[in-house]
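Data first, discussion second: the structure below is written as structure tokens.
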Amino acid sequence: MDDDMKICCVKLSLAARVIAMVGLITSVLILTQLSTELADPESSGGSVSILLGLDVEEFKYTIGGDDRQRKTDATEIMIAFLLFSFFYAVSSAILIWGTIVEQSWCALPWLICVAFSFATQVATLAIHAIALGTRKNKLIIAISVLNIGLTVYFWIVVFCAQRTWRRQHEEEKQLQRSRTVQASPAPPLPNKYMQV
């Protein structure tokens, strides 16, 4: 039965909850880091590659223009990262609650955020691959591929959990309907049939 469906010896709901907790912790750390970097513009850009596969420093290779324009563009990118991290944190919190009550709609915001994250990671991998000749650190490609693989795996686990919850919810509704039909008494006979 679907209730016993497990992945790596762990029930799907528990696996989805652990994934959501990791996502929440990660996004809160990134929110803190980005807020600090935006408050202190002189600090060096840090890595926010966990959620989106992107690093603000990497845009120095792709953003054209003078230093002032690059700083403005980097700030705009950091604000976009900050907003995405906030939405990711909220969707992870909703998913944590959803794994407890096993409501399928609670997984949808997280699945959408991770799908967007996957798209940006693939785009970033393409940027890394194009600029491979000018980069000093070639390990970034391997890390990007690993990050994409992990993102896909997490998405599949949560998607399977969401489908299982929806199926269980529909089965419970059908069972409730059948019990209601069985428990309801037969309608009384009309008066004309009761006369002797």
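Convention: chains lettered A, B, ... in structure tokens order; per-chain residue numbering from 1; ligands numbered from 1 as shown.
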### Message
Give me the residues near Thr151 of chain A as a count of residues only, where near means some atom within 12 Å (using only C-alpha atoms) and where sequence neighbours in that chain fewer than 2 positions away do not count.
### Response
31
### Message
If I take atom CA of Thr75 of chain A and atom CA of Leu34 of chain A, how far is one from the other in Å, to one decimal?
### Response
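Atom-to-atom, atom CA of Thr75 of chain A to atom CA of Leu34 of chain A, that is 9.9 Å.
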### Query
Hey, what's within 12 Å of Arg167 of chain A if we count only C-alpha atoms and toss same-chain stuff fewer than 2 positions away? As a ChimeraX atom specification, please?
/A:1-3,102-104,160-165,169-174
I need the residues from that last selection saved to file as a CSV table (one decimal), in the first residue's frame (with C-alpha atoms), if you can.
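Contents of out_30.csv, as written:
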```csv
chain,number,residue,atom,x,y,z
A,1,MET,CA,0.0,0.0,0.0
A,2,ASP,CA,1.1,3.6,-0.6
A,3,ASP,CA,1.1,4.4,3.1
A,102,GLU,CA,0.0,15.2,4.8
A,103,GLN,CA,-1.8,17.8,2.6
A,104,SER,CA,-0.7,17.6,-1.0
A,160,CYS,CA,6.2,11.3,-4.9
A,161,ALA,CA,5.3,12.2,-1.3
A,162,GLN,CA,2.8,14.8,-2.6
A,163,ARG,CA,1.2,12.3,-5.0
A,164,THR,CA,1.0,9.7,-2.1
A,165,TRP,CA,-0.8,12.3,0.1
A,169,HIS,CA,-6.8,11.9,0.8
A,170,GLU,CA,-8.9,10.7,-2.2
A,171,GLU,CA,-9.1,7.2,-0.8
A,172,GLU,CA,-10.2,8.6,2.6
A,173,LYS,CA,-12.9,10.6,0.9
A,174,GLN,CA,-14.2,7.6,-1.0
```
### Query
Can you tell me how far atom CA of Leu24 of chain A sits from atom CA of Ile140 of chain A, in Å to one decimal?
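Separating atom CA of Leu24 of chain A from atom CA of Ile140 of chain A is a distance of 24.0 Å.
Interatomic distance, atom CA of Leu14 of chain A to atom CA of Tyr88 of chain A: 19.1 Å.
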